[in-house]
Number of protein chains: 2
Amino acid sequence: MNSANIYDVAREANVSIATVSRVLNNNPRVSRTTRDRVLETLHKMNYQPSEIARGLVAKKMQTVGILTVDIRSSNNSITAYTIERNLSMLGYNSMLCNTFGNEEDNIKYVRMLMDKGVSGIVCIGSVFDRTFNGTSLLSECKSTPIILTNYQVEADNVCSVLIDDRSAIQSAIDHLVERGHKDIVFVRDMGSFSSNQKAKFFKNYMEKCGLPFGSESIFVTDRSLSGGAAAVDGILASGVKFSAIIFNDDVTAIGGMKQLKRLGYSTPEDVAIIGYNNTTAAECCTPALTSVDNKFETVGNIAVTLLRDLLDGNNTSKCISIVPELVVREST
Amino acid sequence: MNSANIYDVAREANVSIATVSRVLNNNPRVSRTTRDRVLETLHKMNYQPSEIARGLVAKKMQTVGILTVDIRSSNNSITAYTIERNLSMLGYNSMLCNTFGNEEDNIKYVRMLMDKGVSGIVCIGSVFDRTFNGTSLLSECKSTPIILTNYQVEADNVCSVLIDDRSAIQSAIDHLVERGHKDIVFVRDMGSFSSNQKAKFFKNYMEKCGLPFGSESIFVTDRSLSGGAAAVDGILASGVKFSAIIFNDDVTAIGGMKQLKRLGYSTPEDVAIIGYNNTTAAECCTPALTSVDNKFETVGNIAVTLLRDLLDGNNTSKCISIVPELVVREST
DNA sequence: TTGTAGGCGTTATCAG
DNA sequence: CTGATAACGCCTACAA
């Protein structure tokens, strides 16, 4: 667009590039009249500084990498949206990276980001689940600020914003108990870090409350409508006694609910259902789904706050925890 | 991470930086032995070239801007995902920008992107709907490749990938006619370019088919569950005869369907419903929603193909059209 | 085949 | 207060 550089402006305004640079950077050591003249020239020529050249000097650019497994899942897109909007107001652009969840891509992306001189990196969701050994990422960027959501790592340049899954699971169980349930089953998906966590918390709290818990109280399935249906089939086949199911994901929950209906069970009368993430789908299904709201906007906002502190060199909490909220609808 | 620069490598390998640069850029004018030695040093020192410095020389970086109103809507996140994945394989990083749909932010973002030397810009969805006067964006980037989806502009550096809304509307109407309907109403939202288009195509095709069409055949409402419900209320209040409704959006359609059910109408027996965008919600609601699949993966893939052609200076089609597909489920 | 030197557009350190 | 000038890390004629 703009081919005018600082030399052109300097020539036009009859000053040196140093003076132009000072004006650009609000350096007070410029006389009033000179400043005004330069400012006018700047405006007249529609000058825009090259962020690339600035980056070369600063050894980094006003950009931040956003790493996420898949922006198509609404959890991630909500968080990414919030982060991007906040960062853009601070003058940063966000580089979106869909890592696809494999270590190879993680490394590739982190390398690309570092080469391009990002000022920081935010990881949304469990980007590094199983593969992150705590060094692969950090070795690439010893001193680049990193914000992790849903994960934790010990390092000076790393902060975390965690979602309190324990609290979420507890309020889900509490809510069901209030509704008179005690035979509760948890349906999780394979492999993800947070799914592991939730399963653990589920077991602990069920036992703590003196509710029945056995090896068949937790089922594993895919995150999908068909996964939910399969889970319900599995639960029924197992013969375990149950009157409520907590799913790790809304769509899976809806799949389960639909399958129950197909088999003649009604929700919430015969089986109560709780989903997770409070997505649009939870409001769209019938009956509308009670679901755990993970407050992703809050996660995004806090992530940017932490990142800014790290960038500014401020002292900052290494870890902030967010308490999810159970949104009660018709399925419980 | 890596502080080794091309000078360090040159020193270590006992060559000049020019030679190192040649090796890095696969310039054949380097002897076999020298190349090997440099390569080894490169590897040993774990050297990564600074993309910023490269950018300063090239006057642009290996980045592409992705402009979209809001990445949280699944249309956009699917398209953005596809584009990002494709571009990353070509060595480009994607800068995500949520424009929020207002001209001010559009300009701000385009300026930021240009300042940072993006190689191209992709606009997802109707980013420039009403506000884009055809110059505001282009004036900022006369020679930067731009890909528009769902919009068209005459300029050498601009290509479009359009979704054939006419065809989509026609297949929706055809499908309903096949099912025995003739009193069909269209529910649109305010303001968006594509919503305008669809309304126009709806009118045209209804008239062409000799189906009843009047001023009350098109209703305007918000894109939301409550918007859908309000639309249904409005339609009923208007007294217009109808047995089928086409909505411009899945969630709105579901809101309408739920409202109909509340009022004692059943779908598809009393009123058939068609949604738009074939989102997850369409599969989750009951009855599952017949919906127009806009093939956003295809849109993303083609966008990148066009962009690459533009970047490489190849001749390329100025405009490619995608034909959506009606996915029939239980609501019709 | 290899090296030298200038340039990309800024910022920042010195002198004046 | 202002102006040369040297970085920043890389690419690329032009020389050798």
# chains A, B, ... in the order shown; residues from 1 in each chain; ligands from 1

$ closest_atom_pairs --of "chain D" --to "chain A" --cutoff "10 Å" --atoms "only C-alpha atoms (C1' of nucleotides)" --output "CSV"
residue,atom,partner,partner_atom,distance
D:DC1,C1',A:Val30,CA,5.9
D:DT2,C1',A:Thr19,CA,7.0
D:DG3,C1',A:Ser16,CA,6.0
D:DA4,C1',A:Ser16,CA,8.9
D:DA7,C1',A:Val57,CA,8.3
D:DC8,C1',A:Val57,CA,4.8
D:DG9,C1',A:Leu56,CA,7.6

$ closest_atom_pairs --of "chain C" --to "chain B" --cutoff "12 Å" --atoms "only C-alpha atoms (C1' of nucleotides)" --output "Markdown table"
| residue | atom | partner | partner_atom | distance |
| --- | --- | --- | --- | --- |
| C:DT1 | C1' | B:Val30 | CA | 6.0 |
| C:DT2 | C1' | B:Thr19 | CA | 7.1 |
| C:DG3 | C1' | B:Ser16 | CA | 6.2 |
| C:DT4 | C1' | B:Ser16 | CA | 9.2 |
| C:DA5 | C1' | B:Ala18 | CA | 10.9 |
| C:DG7 | C1' | B:Val57 | CA | 8.4 |
| C:DC8 | C1' | B:Val57 | CA | 4.7 |
| C:DG9 | C1' | B:Leu56 | CA | 7.6 |
| C:DT10 | C1' | B:Leu56 | CA | 10.2 |

$ residues_around --residues "Ile184 (chain B)" --least-positions-apart "2" --cutoff "9 Å" --atoms "only C-alpha atoms (C1' of nucleotides)" --output "tab-separated table (two decimals) with N, CA and C atoms, in the first residue's frame"
chain	number	residue	atom	x	y	z
B	173	ILE	N	-36.77	-25.09	-2.16
B	173	ILE	CA	-38.17	-24.98	-2.61
B	173	ILE	C	-38.59	-26.25	-3.36
B	176	LEU	N	-39.40	-28.97	-0.99
B	176	LEU	CA	-40.68	-28.78	-0.31
B	176	LEU	C	-41.86	-29.07	-1.24
B	181	HIS	N	-45.74	-29.32	-0.57
B	181	HIS	CA	-46.00	-27.97	-0.07
B	181	HIS	C	-46.10	-26.98	-1.21
B	182	LYS	N	-46.90	-25.95	-1.00
B	182	LYS	CA	-46.83	-24.82	-1.92
B	182	LYS	C	-46.90	-23.48	-1.19
B	186	PHE	N	-40.38	-17.54	3.84
B	186	PHE	CA	-38.93	-17.42	4.06
B	186	PHE	C	-38.66	-16.47	5.22
B	206	MET	N	-40.08	-18.58	-6.37
B	206	MET	CA	-41.48	-18.83	-6.01
B	206	MET	C	-42.38	-18.38	-7.16
B	211	LEU	N	-45.83	-20.37	-7.51
B	211	LEU	CA	-46.26	-20.57	-6.12
B	211	LEU	C	-46.67	-19.23	-5.52
B	212	PRO	N	-47.56	-19.26	-4.56
B	212	PRO	CA	-48.03	-18.01	-3.98
B	212	PRO	C	-46.91	-17.21	-3.33
B	213	PHE	N	-46.81	-15.95	-3.68
B	213	PHE	CA	-45.82	-15.09	-3.05
B	213	PHE	C	-46.40	-13.69	-2.85
B	217	SER	N	-44.72	-13.14	2.56
B	217	SER	CA	-44.01	-14.41	2.38
B	217	SER	C	-42.59	-14.34	2.91
B	241	LYS	N	-51.16	-17.93	4.77
B	241	LYS	CA	-51.30	-19.38	4.71
B	241	LYS	C	-49.92	-20.00	4.50
B	242	PHE	N	-49.58	-20.99	5.30
B	242	PHE	CA	-48.24	-21.60	5.14
B	242	PHE	C	-48.22	-23.02	5.68
B	243	SER	N	-47.40	-23.84	5.03
B	243	SER	CA	-47.20	-25.20	5.52
B	243	SER	C	-45.71	-25.53	5.60
B	244	ALA	N	-44.89	-24.56	5.25
B	244	ALA	CA	-43.45	-24.80	5.32
B	244	ALA	C	-42.72	-23.47	5.49
B	245	ILE	N	-41.61	-23.52	6.22
B	245	ILE	CA	-40.79	-22.32	6.43
B	245	ILE	C	-39.33	-22.64	6.11
B	246	ILE	N	-38.73	-21.75	5.36
B	246	ILE	CA	-37.29	-21.84	5.14
B	246	ILE	C	-36.63	-20.73	5.97

$ select_by_dssp --residues "region 29-242 of chain A" --states "alpha helix (DSSP H)" --output "number ranges by chain"
A: 32-44, 51-58, 74-89, 103-115, 165-178, 193-208, 225-238

$ closest_atom_pairs --of "chain A" --to "chain B" --cutoff "7 Å" --atoms "only C-alpha atoms" --output "tab-separated table"
residue	atom	partner	partner_atom	distance
A:Met1	CA	B:Cys141	CA	4.6
A:Gln48	CA	B:Asp115	CA	6.8
A:Pro49	CA	B:Asp115	CA	6.8
A:Ser50	CA	B:Asp115	CA	5.4
A:Glu51	CA	B:Lys116	CA	5.0
A:Ile52	CA	B:Leu56	CA	5.8
A:Ala53	CA	B:Leu56	CA	6.0
A:Gly55	CA	B:Ile52	CA	6.5
A:Leu56	CA	B:Ile52	CA	5.9
A:Ile71	CA	B:Ser77	CA	6.2
A:Arg72	CA	B:Ser77	CA	5.1
A:Ser74	CA	B:Arg72	CA	6.6
A:Ser77	CA	B:Arg72	CA	5.1
A:Ile78	CA	B:Arg72	CA	5.5
A:Tyr81	CA	B:Ile71	CA	6.3
A:Arg85	CA	B:Asn98	CA	6.8
A:Asn93	CA	B:Met95	CA	6.4
A:Ser94	CA	B:Met95	CA	5.3
A:Met95	CA	B:Met95	CA	4.4
A:Leu96	CA	B:Ser94	CA	5.7
A:Asn98	CA	B:Arg85	CA	6.8
A:Asp115	CA	B:Ser50	CA	5.4
A:Lys116	CA	B:Glu51	CA	5.0
A:Gly117	CA	B:Ile52	CA	6.9
A:Glu140	CA	B:Met1	CA	5.3
A:Cys141	CA	B:Met1	CA	4.5
A:Lys142	CA	B:Met1	CA	5.8
A:Ile254	CA	B:Cys284	CA	6.4
A:Thr280	CA	B:Ala281	CA	7.0
A:Ala281	CA	B:Ala281	CA	4.8
A:Cys284	CA	B:Cys285	CA	5.5
A:Cys285	CA	B:Cys285	CA	4.1
A:Thr286	CA	B:Thr286	CA	6.0

$ write_last_selection --atoms "N, CA and C atoms" --output "compact mmCIF listing (two decimals), in the first residue's frame"
# COMPACT_ATOMS: atom_id res chain seq x y z
N MET A 1 0.82 -1.19 0.00
CA MET A 1 0.00 0.00 0.00
C MET A 1 0.86 1.25 0.00
N GLN A 48 2.87 5.10 7.16
CA GLN A 48 2.68 4.01 8.13
C GLN A 48 4.01 3.32 8.34
N PRO A 49 4.48 3.25 9.57
CA PRO A 49 5.77 2.59 9.81
C PRO A 49 5.70 1.11 9.48
N SER A 50 6.80 0.59 9.00
CA SER A 50 6.87 -0.84 8.71
C SER A 50 7.08 -1.62 10.00
N GLU A 51 6.10 -2.43 10.32
CA GLU A 51 6.23 -3.23 11.53
C GLU A 51 7.32 -4.28 11.39
N ILE A 52 7.61 -4.61 10.15
CA ILE A 52 8.68 -5.60 9.95
C ILE A 52 10.02 -5.00 10.36
N ALA A 53 10.28 -3.79 9.90
CA ALA A 53 11.55 -3.15 10.26
C ALA A 53 11.63 -2.93 11.76
N GLY A 55 10.20 -4.73 13.87
CA GLY A 55 10.40 -6.06 14.44
C GLY A 55 11.87 -6.47 14.40
N LEU A 56 12.53 -6.09 13.33
CA LEU A 56 13.93 -6.48 13.20
C LEU A 56 14.76 -5.86 14.32
N ILE A 71 -9.97 -25.07 15.93
CA ILE A 71 -10.78 -23.88 16.16
C ILE A 71 -12.26 -24.15 15.87
N ARG A 72 -12.57 -25.25 15.20
CA ARG A 72 -13.96 -25.52 14.87
C ARG A 72 -14.79 -25.91 16.08
N SER A 74 -16.48 -25.27 19.49
CA SER A 74 -16.93 -23.97 19.97
C SER A 74 -16.18 -23.53 21.22
N SER A 77 -13.20 -21.79 19.78
CA SER A 77 -13.43 -20.57 19.00
C SER A 77 -13.88 -19.44 19.91
N ILE A 78 -14.62 -19.76 20.95
CA ILE A 78 -15.03 -18.71 21.88
C ILE A 78 -13.82 -18.13 22.60
N TYR A 81 -11.66 -16.20 20.10
CA TYR A 81 -12.31 -14.93 19.76
C TYR A 81 -12.02 -13.87 20.82
N ARG A 85 -9.79 -10.48 20.23
CA ARG A 85 -10.38 -9.14 20.38
C ARG A 85 -9.60 -8.31 21.40
N ASN A 93 -1.50 -8.61 16.75
CA ASN A 93 -2.26 -9.51 15.88
C ASN A 93 -2.07 -10.93 16.35
N SER A 94 -3.05 -11.75 16.08
CA SER A 94 -3.03 -13.13 16.56
C SER A 94 -2.84 -14.11 15.42
N MET A 95 -1.84 -14.96 15.57
CA MET A 95 -1.61 -16.00 14.57
C MET A 95 -2.31 -17.27 15.02
N LEU A 96 -3.30 -17.66 14.25
CA LEU A 96 -4.07 -18.85 14.60
C LEU A 96 -3.37 -20.11 14.12
N ASN A 98 -4.00 -24.33 14.17
CA ASN A 98 -4.75 -25.54 14.53
C ASN A 98 -3.77 -26.70 14.54
N ASP A 115 10.14 -18.27 14.78
CA ASP A 115 10.88 -17.70 13.65
C ASP A 115 10.27 -16.37 13.24
N LYS A 116 8.97 -16.27 13.39
CA LYS A 116 8.32 -15.03 12.98
C LYS A 116 8.31 -14.00 14.10
N GLY A 117 8.91 -14.35 15.20
CA GLY A 117 9.10 -13.37 16.26
C GLY A 117 7.85 -13.00 17.02
N GLU A 140 11.94 -24.56 22.87
CA GLU A 140 11.93 -23.71 21.68
C GLU A 140 11.84 -22.23 22.06
N CYS A 141 11.39 -21.97 23.26
CA CYS A 141 11.14 -20.58 23.59
C CYS A 141 11.34 -20.32 25.07
N LYS A 142 12.58 -20.38 25.44
CA LYS A 142 12.95 -20.23 26.83
C LYS A 142 12.36 -18.97 27.47
N ILE A 254 -26.30 -35.32 23.92
CA ILE A 254 -27.50 -35.29 23.10
C ILE A 254 -27.66 -36.61 22.35
N THR A 280 -24.24 -24.13 21.97
CA THR A 280 -25.52 -23.81 21.33
C THR A 280 -26.42 -25.04 21.26
N ALA A 281 -25.82 -26.17 20.94
CA ALA A 281 -26.60 -27.39 20.79
C ALA A 281 -27.41 -27.70 22.05
N CYS A 284 -30.59 -26.15 21.81
CA CYS A 284 -31.37 -26.50 20.62
C CYS A 284 -32.06 -27.84 20.75
N CYS A 285 -31.52 -28.73 21.57
CA CYS A 285 -32.09 -30.06 21.62
C CYS A 285 -33.35 -30.06 22.48
N THR A 286 -34.09 -31.17 22.42
CA THR A 286 -35.31 -31.30 23.19
C THR A 286 -35.27 -32.59 23.98

$ atom_distance --atom1 "CA of Cys319 (chain A)" --atom2 "CA of Val161 (chain A)"
5.6 Å

$ residues_around --residues "Ala229 (chain A)" --least-positions-apart "3" --cutoff "7 Å" --atoms "only C-alpha atoms (C1' of nucleotides)" --output "ChimeraX atom specification"
/A:225-226,232-233,255-256,259

$ write_last_selection --atoms "N, CA and C atoms" --output "PDB file, in the first residue's frame"
ATOM      1  N   LEU A 225     -22.509 -37.666  18.334  1.00  0.00           N
ATOM      2  CA  LEU A 225     -23.856 -38.179  18.555  1.00  0.00           C
ATOM      3  C   LEU A 225     -23.827 -39.694  18.651  1.00  0.00           C
ATOM      4  N   SER A 226     -23.152 -40.327  17.704  1.00  0.00           N
ATOM      5  CA  SER A 226     -23.139 -41.788  17.701  1.00  0.00           C
ATOM      6  C   SER A 226     -22.370 -42.313  18.910  1.00  0.00           C
ATOM      7  N   VAL A 232     -24.830 -45.112  25.733  1.00  0.00           N
ATOM      8  CA  VAL A 232     -26.089 -45.526  26.350  1.00  0.00           C
ATOM      9  C   VAL A 232     -26.307 -47.027  26.161  1.00  0.00           C
ATOM     10  N   ASP A 233     -26.055 -47.499  24.959  1.00  0.00           N
ATOM     11  CA  ASP A 233     -26.178 -48.935  24.716  1.00  0.00           C
ATOM     12  C   ASP A 233     -25.288 -49.715  25.672  1.00  0.00           C
ATOM     13  N   GLY A 255     -26.566 -37.138  21.863  1.00  0.00           N
ATOM     14  CA  GLY A 255     -26.605 -38.457  21.220  1.00  0.00           C
ATOM     15  C   GLY A 255     -27.151 -39.503  22.176  1.00  0.00           C
ATOM     16  N   GLY A 256     -26.693 -39.428  23.413  1.00  0.00           N
ATOM     17  CA  GLY A 256     -27.179 -40.373  24.415  1.00  0.00           C
ATOM     18  C   GLY A 256     -28.662 -40.186  24.694  1.00  0.00           C
ATOM     19  N   GLN A 259     -30.772 -41.537  21.951  1.00  0.00           N
ATOM     20  CA  GLN A 259     -30.800 -42.996  21.976  1.00  0.00           C
ATOM     21  C   GLN A 259     -31.753 -43.494  23.064  1.00  0.00           C
TER      22      GLN A 259
END
